[in-house]
Amino acid sequence: MRLLMCSAAMACIALTAPQAVQAQDLGSNFKRDKNVSVRQRPRPDYEATGQKAGGFTLYPRITADVERNDNIYAVASGKTSDTIWRVKPEMAVRSDWSRHALGLFAGGNIIRYSDNSSENAEEYTVSANGRLDIERGSNLTGSVQTQRLVEPRTAPTSPSAAGKPVKYDLTQGTVAYVKEFNRLRVSGRLDDKDFNYKDVPNIAGTGIVDQDFRDRNEFYYGAKAEYAVSPDTAVYLSATGNKKDYDTNIVASDRTSDGYVVGVGANFDVSELVRGDIQVGYMSQSYDNPAFAKIDGFNAAGRLEWFPTQLTTVGLNGSRSIEESTAPGSQGYISNNLGASIDHELMRNVLLSAAYTHGKDNYKGVDRDDKRDNFSATATYLLNRRVGLFLTYNYLKQDSSGAAKGASFKDNKVIASVALQF
């Protein structure tokens, strides 16, 4: 937990609310706010006013969901459907200072199944993050967060033999520094993540499905240098290294590794129509276990936003990265993703959204390829600044092929939600 001690010290200096507060950047060559997306557009009549408490504002919120899922175990045949209820209480605390920022966040998620109580679970998140404004164009930020999470049955790493959903604890911390020199901006970042997975009973109820082999610490360190060729366009160089330490004593499951990603890119907001950030480069991950070969190759990450009108935002995004594997004999896989989204403001308080993502995972060390297609559509109706209604449909299809193939399935969900905020 190297970084967490450093990040905790930073949190004592300055913490901010879970929604990051940006430092003053008037006159900056790196502002990208010429265009405002549908999701970013302020809606003063429908935003929570919060509860004032000295130099802070408290934002309580509670959301209730009811979901109908036709394949809760994510299987190819013998599907089981169920109705799922969720209650999500949240509290955000945000400072109202002109300089620096301080805040906290706490939230929970109580999950209950109508007919399959073995799937019942609880999640929680407690976090703090903040910003220390050193001088104009220069700031130091830090965050700490601890979570108890439940791995979705649809996740590619979810064990098919599990009799209950896998629970895990994730504790993470971040420290970042940014300094701007007119046309040049440099930044550095440290991230520490600690994963602790819990064993689960098997389907037969006669034993356990071991998950301790997934316990690990991931430490990331990186730097970025950006040069503004104009007030609305910047090019940059970036480099990020990582060290992933697994706790397991089982040699075949030890995926301890070192890696890095280097890239060049550009971010821009060049007209009244287009905004984006695109990076291409090279990635590599080398494993301590001699049975696992190095994974390397082309790396990419990007997003584009197109604003055909002020009421419509179209998004494109893509990525290619190395991810951790749980498949026996596989050290990791290359994840490729392409997606598109659209948000439309039908009325000031009525929003329509849709998104589609296609993904392909190429596993190394074993014969396995996974393909996923994910589509979602959401209608949002904001009654007033205290009440919001949401209706979402989600479709997920996964096809796994090869001698070591994983799960193949189709899953349909319809979710109705009501959110209350104060």
# chains A, B, ... in the order shown; residues from 1 in each chain; ligands from 1
>>> closest_atom_pairs(of="segment 306-372 of chain A", to="segment 280-289 of chain A", cutoff="8 Å", atoms="only C-alpha atoms", output="tab-separated table")
residue	atom	partner	partner_atom	distance
A:Ser321	CA	A:Met283	CA	7.6
A:Ile322	CA	A:Gln285	CA	7.7
A:Gln331	CA	A:Tyr287	CA	7.9
>>> select_by_dssp(residues="segment 257-321 of chain A", states="strand (DSSP E or B)", output="number ranges by chain")
A: 257-268, 274-287, 295-309, 312-321
>>> write_last_selection(atoms="N, CA and C atoms", output="short mmCIF file (atom, residue, chain, number, x, y, z; two decimals), in the first residue's frame")
data_model
loop_
_atom_site.label_atom_id
_atom_site.label_comp_id
_atom_site.auth_asym_id
_atom_site.auth_seq_id
_atom_site.Cartn_x
_atom_site.Cartn_y
_atom_site.Cartn_z
N SER A 257 3.76 -9.17 -12.58
CA SER A 257 4.32 -8.65 -13.83
C SER A 257 4.72 -7.19 -13.71
N ASP A 258 5.49 -6.75 -14.69
CA ASP A 258 5.84 -5.34 -14.87
C ASP A 258 5.48 -4.94 -16.29
N GLY A 259 5.01 -3.70 -16.45
CA GLY A 259 4.66 -3.29 -17.80
C GLY A 259 4.70 -1.78 -17.98
N TYR A 260 4.43 -1.36 -19.19
CA TYR A 260 4.40 0.07 -19.49
C TYR A 260 3.57 0.32 -20.73
N VAL A 261 3.13 1.56 -20.87
CA VAL A 261 2.44 2.06 -22.06
C VAL A 261 3.05 3.40 -22.40
N VAL A 262 3.50 3.57 -23.64
CA VAL A 262 3.99 4.87 -24.11
C VAL A 262 3.16 5.27 -25.32
N GLY A 263 2.89 6.56 -25.45
CA GLY A 263 2.03 6.97 -26.54
C GLY A 263 2.17 8.43 -26.91
N VAL A 264 1.65 8.76 -28.07
CA VAL A 264 1.54 10.14 -28.52
C VAL A 264 0.07 10.39 -28.81
N GLY A 265 -0.34 11.63 -28.64
CA GLY A 265 -1.75 11.91 -28.85
C GLY A 265 -2.04 13.38 -29.02
N ALA A 266 -3.31 13.68 -29.13
CA ALA A 266 -3.77 15.06 -29.28
C ALA A 266 -5.14 15.20 -28.64
N ASN A 267 -5.38 16.35 -28.01
CA ASN A 267 -6.73 16.68 -27.55
C ASN A 267 -7.12 18.01 -28.17
N PHE A 268 -8.40 18.16 -28.47
CA PHE A 268 -8.82 19.31 -29.26
C PHE A 268 -10.29 19.63 -29.06
N VAL A 274 -16.78 19.61 -33.10
CA VAL A 274 -16.01 18.42 -32.72
C VAL A 274 -15.09 18.70 -31.54
N ARG A 275 -15.02 17.71 -30.63
CA ARG A 275 -14.10 17.72 -29.50
C ARG A 275 -13.60 16.30 -29.28
N GLY A 276 -12.35 16.15 -28.84
CA GLY A 276 -11.88 14.79 -28.63
C GLY A 276 -10.50 14.69 -28.04
N ASP A 277 -10.08 13.45 -27.79
CA ASP A 277 -8.76 13.12 -27.26
C ASP A 277 -8.40 11.75 -27.82
N ILE A 278 -7.31 11.67 -28.58
CA ILE A 278 -6.91 10.42 -29.23
C ILE A 278 -5.44 10.14 -28.94
N GLN A 279 -5.14 8.90 -28.56
CA GLN A 279 -3.76 8.51 -28.28
C GLN A 279 -3.46 7.15 -28.91
N VAL A 280 -2.28 7.01 -29.49
CA VAL A 280 -1.80 5.73 -30.02
C VAL A 280 -0.39 5.50 -29.49
N GLY A 281 -0.01 4.23 -29.37
CA GLY A 281 1.31 3.95 -28.83
C GLY A 281 1.62 2.48 -28.77
N TYR A 282 2.45 2.11 -27.81
CA TYR A 282 2.95 0.74 -27.67
C TYR A 282 2.78 0.32 -26.22
N MET A 283 2.37 -0.94 -26.01
CA MET A 283 2.19 -1.46 -24.65
C MET A 283 2.94 -2.77 -24.50
N SER A 284 3.39 -3.05 -23.27
CA SER A 284 4.13 -4.27 -23.00
C SER A 284 3.93 -4.70 -21.56
N GLN A 285 3.78 -6.01 -21.34
CA GLN A 285 3.65 -6.56 -20.00
C GLN A 285 4.50 -7.82 -19.91
N SER A 286 5.47 -7.84 -18.99
CA SER A 286 6.38 -8.97 -18.82
C SER A 286 6.10 -9.64 -17.48
N TYR A 287 6.09 -10.98 -17.46
CA TYR A 287 5.66 -11.75 -16.30
C TYR A 287 6.85 -12.45 -15.63
N ILE A 295 3.40 -10.08 -23.19
CA ILE A 295 2.34 -9.58 -24.06
C ILE A 295 2.71 -8.16 -24.47
N ASP A 296 2.71 -7.89 -25.76
CA ASP A 296 3.00 -6.53 -26.22
C ASP A 296 2.28 -6.27 -27.53
N GLY A 297 2.32 -5.00 -27.94
CA GLY A 297 1.69 -4.66 -29.20
C GLY A 297 1.16 -3.24 -29.22
N PHE A 298 0.34 -2.96 -30.21
CA PHE A 298 -0.23 -1.65 -30.44
C PHE A 298 -1.23 -1.30 -29.35
N ASN A 299 -1.14 -0.07 -28.85
CA ASN A 299 -2.06 0.43 -27.84
C ASN A 299 -2.80 1.65 -28.37
N ALA A 300 -4.04 1.80 -27.98
CA ALA A 300 -4.81 2.96 -28.43
C ALA A 300 -5.92 3.28 -27.43
N ALA A 301 -6.26 4.54 -27.35
CA ALA A 301 -7.38 5.00 -26.54
C ALA A 301 -7.87 6.30 -27.13
N GLY A 302 -9.16 6.46 -27.24
CA GLY A 302 -9.66 7.71 -27.81
C GLY A 302 -11.14 7.90 -27.63
N ARG A 303 -11.55 9.15 -27.71
CA ARG A 303 -12.96 9.51 -27.68
C ARG A 303 -13.17 10.74 -28.54
N LEU A 304 -14.26 10.77 -29.23
CA LEU A 304 -14.64 11.91 -30.06
C LEU A 304 -16.09 12.28 -29.74
N GLU A 305 -16.37 13.57 -29.70
CA GLU A 305 -17.73 14.05 -29.53
C GLU A 305 -18.09 14.97 -30.68
N TRP A 306 -19.23 14.72 -31.28
CA TRP A 306 -19.74 15.52 -32.40
C TRP A 306 -21.03 16.18 -31.95
N PHE A 307 -21.15 17.49 -32.23
CA PHE A 307 -22.30 18.26 -31.79
C PHE A 307 -23.07 18.77 -33.01
N PRO A 308 -23.90 17.91 -33.64
CA PRO A 308 -24.66 18.34 -34.82
C PRO A 308 -25.61 19.49 -34.52
N THR A 309 -26.15 19.51 -33.29
CA THR A 309 -26.95 20.64 -32.81
C THR A 309 -26.64 20.82 -31.33
N THR A 312 -28.09 17.80 -29.33
CA THR A 312 -27.68 16.42 -29.63
C THR A 312 -26.17 16.28 -29.54
N THR A 313 -25.72 15.24 -28.86
CA THR A 313 -24.30 14.91 -28.77
C THR A 313 -24.09 13.47 -29.22
N VAL A 314 -23.19 13.29 -30.18
CA VAL A 314 -22.84 11.95 -30.67
C VAL A 314 -21.41 11.64 -30.24
N GLY A 315 -21.20 10.49 -29.65
CA GLY A 315 -19.88 10.12 -29.17
C GLY A 315 -19.34 8.87 -29.83
N LEU A 316 -18.03 8.84 -30.04
CA LEU A 316 -17.32 7.65 -30.52
C LEU A 316 -16.17 7.39 -29.56
N ASN A 317 -15.92 6.13 -29.23
CA ASN A 317 -14.81 5.82 -28.33
C ASN A 317 -14.22 4.47 -28.69
N GLY A 318 -12.96 4.28 -28.34
CA GLY A 318 -12.28 3.02 -28.62
C GLY A 318 -11.07 2.85 -27.74
N SER A 319 -10.64 1.60 -27.57
CA SER A 319 -9.46 1.32 -26.76
C SER A 319 -8.88 -0.04 -27.11
N ARG A 320 -7.59 -0.18 -26.85
CA ARG A 320 -6.89 -1.46 -26.99
C ARG A 320 -5.89 -1.53 -25.84
N SER A 321 -6.04 -2.53 -24.97
CA SER A 321 -5.24 -2.58 -23.74
C SER A 321 -4.99 -4.02 -23.32
#
>>> closest_atom_pairs(of="segment 70-152 of chain A", to="segment 49-52 of chain A", cutoff="10 Å", atoms="only C-alpha atoms", output="Markdown table")
| residue | atom | partner | partner_atom | distance |
| --- | --- | --- | --- | --- |
| A:Ala92 | CA | A:Gly50 | CA | 9.4 |
| A:Val93 | CA | A:Gly50 | CA | 9.2 |
| A:Arg94 | CA | A:Gly50 | CA | 9.6 |
| A:Ser95 | CA | A:Lys52 | CA | 9.8 |
| A:Asp96 | CA | A:Lys52 | CA | 9.4 |
>>> write_last_selection(atoms="C-alpha atoms", output="short mmCIF file (atom, residue, chain, number, x, y, z; two decimals), in the first residue's frame")
data_model
loop_
_atom_site.label_atom_id
_atom_site.label_comp_id
_atom_site.auth_asym_id
_atom_site.auth_seq_id
_atom_site.Cartn_x
_atom_site.Cartn_y
_atom_site.Cartn_z
CA ALA A 92 -21.67 13.89 -0.91
CA VAL A 93 -20.02 16.76 0.97
CA ARG A 94 -18.45 19.53 -1.09
CA SER A 95 -16.54 22.65 -0.04
CA ASP A 96 -17.63 26.07 -1.27
#
>>> atom_distance(atom1="atom CA of Asn35 of chain A", atom2="atom CA of Asn349 of chain A")
19.8 Å
>>> residues_around(residues="segment 242-256 of chain A", least_positions_apart="3", cutoff="10 Å", atoms="only C-alpha atoms", output="MDAnalysis selection string")
chainID A and resid 190:196 211:222 259:261 285:292 324:332
>>> closest_residue(among="A:Leu184, A:Met91, A:Val350, A:Ala155", to="Tyr227 of chain A", atoms="only C-alpha atoms")
A:Leu184
>>> closest_residue(among="A:Leu140, A:Ala101, A:Gly130, A:Asp210", to="Ser158 of chain A", atoms="only C-alpha atoms")
A:Asp210
>>> closest_residue(among="A:Val36, A:Leu346, A:Gly365, A:Gly108", to="Thr380 of chain A", atoms="only C-alpha atoms")
A:Leu346
>>> residues_around(residues="Leu420 of chain A", least_positions_apart="3", cutoff="7 Å", atoms="only C-alpha atoms", output="compact mmCIF listing (two decimals) with all heavy atoms, in the first residue's frame")
# COMPACT_ATOMS: atom_id res chain seq x y z
N ARG A 61 -28.78 11.87 -1.38
CA ARG A 61 -29.49 11.32 -2.53
C ARG A 61 -29.81 9.87 -2.25
O ARG A 61 -29.03 9.16 -1.62
CB ARG A 61 -28.63 11.44 -3.79
CG ARG A 61 -29.23 10.85 -5.07
CD ARG A 61 -28.20 10.93 -6.19
NE ARG A 61 -28.63 10.25 -7.41
CZ ARG A 61 -29.16 10.85 -8.46
NH1 ARG A 61 -29.32 12.17 -8.45
NH2 ARG A 61 -29.53 10.17 -9.53
N ILE A 62 -30.96 9.41 -2.72
CA ILE A 62 -31.30 7.99 -2.63
C ILE A 62 -31.98 7.57 -3.93
O ILE A 62 -32.82 8.31 -4.47
CB ILE A 62 -32.19 7.69 -1.40
CG1 ILE A 62 -32.38 6.20 -1.26
CG2 ILE A 62 -33.51 8.44 -1.47
CD1 ILE A 62 -32.98 5.79 0.08
N THR A 63 -31.57 6.42 -4.44
CA THR A 63 -32.11 5.90 -5.69
C THR A 63 -32.67 4.50 -5.44
O THR A 63 -32.05 3.69 -4.75
CB THR A 63 -31.03 5.81 -6.78
OG1 THR A 63 -30.44 7.09 -6.97
CG2 THR A 63 -31.63 5.35 -8.10
N ARG A 386 -35.82 17.81 -7.20
CA ARG A 386 -35.74 16.76 -6.17
C ARG A 386 -36.00 15.35 -6.71
O ARG A 386 -35.54 14.38 -6.11
CB ARG A 386 -36.74 17.05 -5.04
CG ARG A 386 -36.44 18.32 -4.26
CD ARG A 386 -37.33 18.40 -3.04
NE ARG A 386 -37.11 19.65 -2.29
CZ ARG A 386 -36.16 19.84 -1.41
NH1 ARG A 386 -35.31 18.85 -1.17
NH2 ARG A 386 -36.03 20.99 -0.77
N VAL A 387 -36.72 15.22 -7.80
CA VAL A 387 -37.16 13.89 -8.26
C VAL A 387 -36.79 13.68 -9.72
O VAL A 387 -37.03 14.55 -10.57
CB VAL A 387 -38.69 13.72 -8.09
CG1 VAL A 387 -39.10 12.30 -8.49
CG2 VAL A 387 -39.11 14.01 -6.65
N GLY A 388 -36.21 12.52 -10.00
CA GLY A 388 -35.90 12.12 -11.37
C GLY A 388 -36.35 10.69 -11.62
O GLY A 388 -36.23 9.83 -10.74
